[in-house]
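Visitor: First the structure, which I've put down as structure tokens, then a few questions once you've had a look.
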Amino acid sequence: MICLKAFSSPLHLPTLRRLAPSSSLRVAASAAAMSSSSSAVAAPVEHIVLLKARPEAVASGAAAAMLASLQALATQVPGLAYIHAGPVLRLRSPAAEALGTTHLLHSRYATKQDLATYAAHPAHVAAVQGHVLPNALDITAIDWVNAAELPSPVSPGSAVRLTLAKAKEGVEVAQLVEKVAAATKAAGEAKGAKVSFGENFSPARAKGYQFGMVAVFDSVEELDAVEGDGKVEEAKAAVRPLLDEVLVLDFVAGPAAGEAPTPASL
């Protein structure tokens with residue numbers, strides 16, 4: 001596993017800092033999904049949406065309602081293999097700090113067609129128009145097809161590090177994906193992390209980010225333990241020359257379907 005921090009549309013509408021904690025919201029899966037405790041699908045299509053909530057929406061509870069409306073899509077949209085909507089845990093790079101993301105949505109699909117179906121579904125459109133657009137100051141979205149050799153299941157309580165990157169001028173994104181694949185393989189499964197990465201295929205709302213990666217850990221403690229790992233540092237060094245800008249943030253997946261969610265306090 002490599003974390004690119006040190007290298008310096010569905011919702012297709014538009015120093016370390018820890019954000020104010022919030023109770024995780026329920027993570028459910030549709031009837032066609034795999035186990036509610038695992039979100040691994042063959043060559044999954046990853047969909048990430050970064051949201052910067054309006055301060056007044058956070059104070060009034062509208063941001064919590066926004067997350068609930070997105071999470072409810074788990075049982076309303078066919079072909080949705082996994083979805084998590086929740087707060088950001090930590091912003092880990094200057095680019096992340098500048099963007100000011102407060103919440104995010106992470107979902108997975110077996111095919112691009114399933115993602116397109118989700119995007120056009122009336123329940124999704126209603127959640128976006130009724131909750132997201134009125135309460136988000138900024139939206140960034142990115143999609144990719146996993147190029148990693150192994151799946152990266154997300155379980156309740158998993159800590160996830162998201163990395164978005166822009167390649168340097170003259171560097172093909174495919175070259176970056178190949179380098180990350182080789183570096184990740186060389187690093188091995190550092191501290192038990194599982195990764196998914198690939199080239200963004202939805203540039204309209206990606207703010208120039210061409211590459212995405214999630215690294216999934218069993219816990220926040222395991223995620224923190226990877227810092228300074230020798231093999232990981234070697235992998236970073238191998239990829240660093242190809243990168244221009246890198247955005248890194250952490251979040252924690254919520255409880256599985258069937259568990260009663262704790263009321264959100266954002």
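Scheme for the structure tokens: letters A, B, ... for chains in order shown; per-chain residue numbers from 1; ligand numbers from 1 in order shown.
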Neighbouring residues of Ala206 in chain A were defined as those with any atom within 7 Å, considering only C-alpha atoms; residues of the same chain fewer than 6 positions away were excluded. Please report them as a short mmCIF file (atom, residue, chain, number, x, y, z; two decimals) with N, CA, C and O atoms, in the first residue's frame.
Guide:
data_model
loop_
_atom_site.label_atom_id
_atom_site.label_comp_id
_atom_site.auth_asym_id
_atom_site.auth_seq_id
_atom_site.Cartn_x
_atom_site.Cartn_y
_atom_site.Cartn_z
N THR A 140 -16.87 18.11 -5.48
CA THR A 140 -15.84 17.53 -6.34
C THR A 140 -16.16 16.05 -6.51
O THR A 140 -16.46 15.36 -5.53
N ALA A 141 -16.13 15.54 -7.74
CA ALA A 141 -16.47 14.15 -7.98
C ALA A 141 -15.44 13.49 -8.90
O ALA A 141 -14.91 14.13 -9.82
N ILE A 142 -15.18 12.23 -8.63
CA ILE A 142 -14.20 11.47 -9.42
C ILE A 142 -14.63 10.00 -9.46
O ILE A 142 -15.19 9.49 -8.48
#
Visitor: If you count only C-alpha atoms, which residues fall within 9 Å of Leu243 in chain A, apart from same-chain ones fewer than 3 positions away, as a list in words?
Guide: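 Everything that qualifies: Phe7, Ser8, Ala165, Lys166, Ala167, Lys168, Glu169, Val171, Leu176, Val239, Arg240 and Val246 of chain A.
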Visitor: Kindly export the residues of the current selection with N, CA and C atoms, as a JSON list (two decimals), in the first residue's frame.
Guide:
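As a result, selection.json now contains:
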[["chain", "number", "residue", "atom", "x", "y", "z"],
["A", 7, "PHE", "N", 3.97, 13.23, -1.49],
["A", 7, "PHE", "CA", 4.49, 13.51, -2.82],
["A", 7, "PHE", "C", 4.46, 15.00, -3.16],
["A", 8, "SER", "N", 4.75, 15.93, -2.43],
["A", 8, "SER", "CA", 4.94, 17.34, -2.83],
["A", 8, "SER", "C", 6.23, 17.99, -2.72],
["A", 165, "ALA", "N", -4.92, 12.66, -7.31],
["A", 165, "ALA", "CA", -3.66, 13.21, -7.80],
["A", 165, "ALA", "C", -3.78, 13.74, -9.22],
["A", 166, "LYS", "N", -2.93, 14.74, -9.50],
["A", 166, "LYS", "CA", -2.76, 15.27, -10.84],
["A", 166, "LYS", "C", -1.36, 14.90, -11.31],
["A", 167, "ALA", "N", -1.27, 14.39, -12.52],
["A", 167, "ALA", "CA", 0.03, 14.02, -13.07],
["A", 167, "ALA", "C", 0.77, 15.26, -13.55],
["A", 168, "LYS", "N", 2.10, 15.20, -13.48],
["A", 168, "LYS", "CA", 2.90, 16.29, -14.01],
["A", 168, "LYS", "C", 2.70, 16.40, -15.52],
["A", 169, "GLU", "N", 2.94, 17.59, -16.04],
["A", 169, "GLU", "CA", 2.82, 17.83, -17.47],
["A", 169, "GLU", "C", 3.73, 16.87, -18.22],
["A", 171, "VAL", "N", 3.26, 13.63, -18.38],
["A", 171, "VAL", "CA", 3.12, 12.28, -17.83],
["A", 171, "VAL", "C", 1.72, 11.75, -18.16],
["A", 176, "LEU", "N", 1.13, 6.65, -14.82],
["A", 176, "LEU", "CA", 1.03, 6.80, -13.37],
["A", 176, "LEU", "C", 0.35, 5.58, -12.75],
["A", 239, "VAL", "N", 6.96, 6.91, -6.99],
["A", 239, "VAL", "CA", 5.85, 7.56, -7.69],
["A", 239, "VAL", "C", 5.98, 9.09, -7.70],
["A", 240, "ARG", "N", 6.66, 9.63, -6.71],
["A", 240, "ARG", "CA", 6.73, 11.09, -6.52],
["A", 240, "ARG", "C", 7.09, 11.87, -7.79],
["A", 246, "VAL", "N", -1.41, 16.68, -5.05],
["A", 246, "VAL", "CA", -1.99, 15.51, -4.38],
["A", 246, "VAL", "C", -2.93, 15.97, -3.27]]
Visitor: Between A:Ser202, A:Thr102, A:Gln76, A:Ser152, single out the one closest to Asp218 in chain A, counting only C-alpha atoms.
Guide: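 Selected residue with least distance to Asp218 in chain A: A:Ser152.
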Visitor: For Val214 in chain A, which residue among A:Glu172, A:Asp250, A:Asp138, A:Glu97 is the nearest when counting only C-alpha atoms?
Guide: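 Closest candidate: A:Asp250.
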Visitor: Need the shell around Thr101 in chain A: protein/DNA/RNA residues with any atom at most 10 Å away, counting only C-alpha atoms. Skip same-chain ones fewer than 6 positions apart. Format as a ChimeraX atom specification?
Guide: /A:19,49-53,87-88,90-91,136-140,249
Visitor: Suppose we keep C-alpha atoms; can you now write the selection as a PDB file, in the first residue's frame?
Guide:
ATOM      1  CA  LEU A  19     -12.442  17.637  11.834  1.00  0.00           C
ATOM      2  CA  VAL A  49     -17.919  12.821  -4.102  1.00  0.00           C
ATOM      3  CA  LEU A  50     -16.291  15.415  -1.838  1.00  0.00           C
ATOM      4  CA  LEU A  51     -18.639  17.919  -0.226  1.00  0.00           C
ATOM      5  CA  LYS A  52     -17.971  21.186   1.556  1.00  0.00           C
ATOM      6  CA  ALA A  53     -21.046  21.782   3.669  1.00  0.00           C
ATOM      7  CA  PRO A  87     -17.930  13.192   7.672  1.00  0.00           C
ATOM      8  CA  VAL A  88     -14.252  13.550   6.874  1.00  0.00           C
ATOM      9  CA  ARG A  90      -8.812  14.302   8.798  1.00  0.00           C
ATOM     10  CA  LEU A  91      -7.458  16.473   6.016  1.00  0.00           C
ATOM     11  CA  ALA A 136     -23.032  22.208  -0.233  1.00  0.00           C
ATOM     12  CA  LEU A 137     -20.747  25.127  -0.992  1.00  0.00           C
ATOM     13  CA  ASP A 138     -18.508  22.978  -3.174  1.00  0.00           C
ATOM     14  CA  ILE A 139     -18.682  19.569  -4.878  1.00  0.00           C
ATOM     15  CA  THR A 140     -15.838  17.528  -6.339  1.00  0.00           C
ATOM     16  CA  LEU A 249      -7.921  12.819   3.437  1.00  0.00           C
TER      17      LEU A 249
END
